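A.B. asks: Pasting a structure below so you can have a look.
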Amino acid sequence: MTATRALARTLAWAAAGLAAGIVLAVAAPLAFDARPYSVLSGSMEPAIAAGDLVVARRTPATAIGIGDVVTFRDPDDGARLITHRVGGIRRDGGRIAFVTRGDANTGVERWRVSADADVGRVAYRLPLLGHVAVATRTRTGFALLVVLPLLALAINELARIWRPAAEKEAPGAART
């Protein structure tokens with residue numbers, strides 16, 4: 001094996017290992033009531049930047065504390081998710097009222113959930129992977145990030161399968 005092929009193989013394994021680690025960091029939490037979310041704005045900078053991916057774990061609302069970073073439905077637009085820091089909590093019978101604010105924002109959100117509800121508490125973030133997650137939702141991004149690598153892997157494997165047969169039948173090759 002030549003040095004170039006050895007280097008290419010090492011880089012391929014390193015890339016595969018990195019990809020597997022990222023997939024594990026994003027997919028494994030799904031088994032533990034956690035979900036990955038792409039951060040689209042800079043409202044939480046510098047702690048969480050636009051383009052980061054956060055993994056939020058479902059947590060009982062009663063276990064959320066001041067200073068926790070949570071992901072919740074926008075009180076004004078239920079289709080939109082917000083990831084902000086808890087600045088205040090008030091318990092009122094069977095309901096819990098939260099006051100949240102992005103670290104880079106001046107305004108606050110006020111929202112309520114029932115005491116037995118779950119809220120997404122951010123467990124960790126993966127810098128810049130939110131851009132990748134958003135890109136895979138487009139046709140071009142999916143092709144570049146999923147289809148092309150799979151195609152390259154398939155071509156590489158087919159070449160590896162056919163290469164030994166071609167080398168055995170090469171003119172001047174010694175028979176064993």
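Naming scheme: A, B, ... for chains in displayed order of the structure tokens; residues 1 onward per chain; ligands 1 onward as shown.
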Can you tell me, as a tab-separated table (two decimals) with N, CA and C atoms, in the first residue's frame, what residues are no more than 6 Å from range 20-34 of chain A when counting only C-alpha atoms, ignoring any on the same chain fewer than 5 positions away?
C.D. replies:
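Below is the file part-v6.tsv, written as the result:
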```tsv
chain	number	residue	atom	x	y	z
A	56	ALA	N	-32.20	19.30	23.68
A	56	ALA	CA	-33.02	19.62	24.86
A	56	ALA	C	-33.72	18.36	25.34
A	57	ARG	N	-33.62	18.13	26.63
A	57	ARG	CA	-34.23	16.93	27.23
A	57	ARG	C	-35.54	17.31	27.91
A	58	ARG	N	-36.56	16.47	27.70
A	58	ARG	CA	-37.85	16.72	28.36
A	58	ARG	C	-37.65	16.62	29.86
```
A.B. asks: So that I can check the secondary structure, give me every residue of chain A assigned helix (DSSP H, G or I) by backbone DSSP, as a PyMOL selection string.
C.D. replies: chain A and resi 3-32+61-63+129-135+139-168
A.B. asks: In Å, with one decimal, what is the gap from CA of Leu126 in chain A to CA of Thr10 in chain A?
C.D. replies: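 Taking CA of Leu126 in chain A and CA of Thr10 in chain A, their separation equals 24.5 Å.
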A.B. asks: Mind the document's chain letters and residue numbers, and return as a PyMOL selection string the residues of range 14-156 of chain A that DSSP labels strand (DSSP E or B).
C.D. replies: chain A and resi 34-38+53-60+69-73+81-92+95-101+109-114+118-126
A.B. asks: Can you check which parts of range 72-153 of chain A lie within 12 Å of range 11-16 of chain A? Per residue, the shortest pair of atoms and distance in Å to one decimal, counting only C-alpha atoms, sorted by chain and number, as JSON lines.
C.D. replies:
```
{"residue": "A:Pro149", "atom": "CA", "partner": "A:Ala16", "partner_atom": "CA", "distance": 10.4}
{"residue": "A:Leu150", "atom": "CA", "partner": "A:Ala16", "partner_atom": "CA", "distance": 11.6}
{"residue": "A:Ala152", "atom": "CA", "partner": "A:Ala12", "partner_atom": "CA", "distance": 11.2}
{"residue": "A:Leu153", "atom": "CA", "partner": "A:Ala12", "partner_atom": "CA", "distance": 9.9}
```
A.B. asks: Compile the contact shell of range 42-46 of chain A as a list of chain:residue names: residues with an atom at most 7 Å away, counting only C-alpha atoms, same-chain residues fewer than 5 positions apart removed.
C.D. replies: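 The filter keeps A:His84, A:Gly102, A:Asp103, A:Ala104, A:Asn105.
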A.B. asks: May I have the residues from that selection written out with N, CA and C atoms, as a CSV table (one decimal), in the first residue's frame?
C.D. replies:
```csv
chain,number,residue,atom,x,y,z
A,84,HIS,N,-34.4,30.0,25.2
A,84,HIS,CA,-33.9,31.2,26.0
A,84,HIS,C,-33.7,30.7,27.5
A,102,GLY,N,-33.6,35.9,26.0
A,102,GLY,CA,-32.4,35.6,25.4
A,102,GLY,C,-31.2,36.4,26.0
A,103,ASP,N,-30.0,35.8,26.1
A,103,ASP,CA,-28.9,36.5,26.7
A,103,ASP,C,-28.6,37.8,25.9
A,104,ALA,N,-28.8,37.8,24.6
A,104,ALA,CA,-28.5,39.0,23.8
A,104,ALA,C,-29.7,39.9,23.6
A,105,ASN,N,-30.9,39.6,24.3
A,105,ASN,CA,-32.1,40.4,24.1
A,105,ASN,C,-32.3,41.3,25.3
```
A.B. asks: Check the smallest atom-to-atom distance from each of A:Pro60, A:Val108, A:Ala143, A:Pro75 to Ile96 in chain A using only C-alpha atoms, then report the winner.
C.D. replies: A:Pro60
A.B. asks: Rounded to one decimal place, report the CA of Ile89 in chain A-CA of Ser114 in chain A distance in Å.
C.D. replies: 12.7 Å
A.B. asks: Considering only C-alpha atoms, return as a ChimeraX atom specification whatever protein or nucleic-acid residues lie within 12 Å of Ile48 in chain A, sequence-local ones (same chain, fewer than 4 positions apart) excluded.
C.D. replies: /A:37-44,52-55,69-70,83-85,102-104,122,124-130
A.B. asks: Between A:Arg163, A:Arg73, A:Arg90, A:Arg121, which has the minimum distance to Arg35 in chain A (counting only C-alpha atoms)?
C.D. replies: A:Arg121
A.B. asks: Within 9 Å of Val146 in chain A, counting only C-alpha atoms, which residues show up once you throw out same-chain ones fewer than 5 positions away? Write them as JSON, numbers by chain, please.
C.D. replies: {"A": [136, 141, 151]}
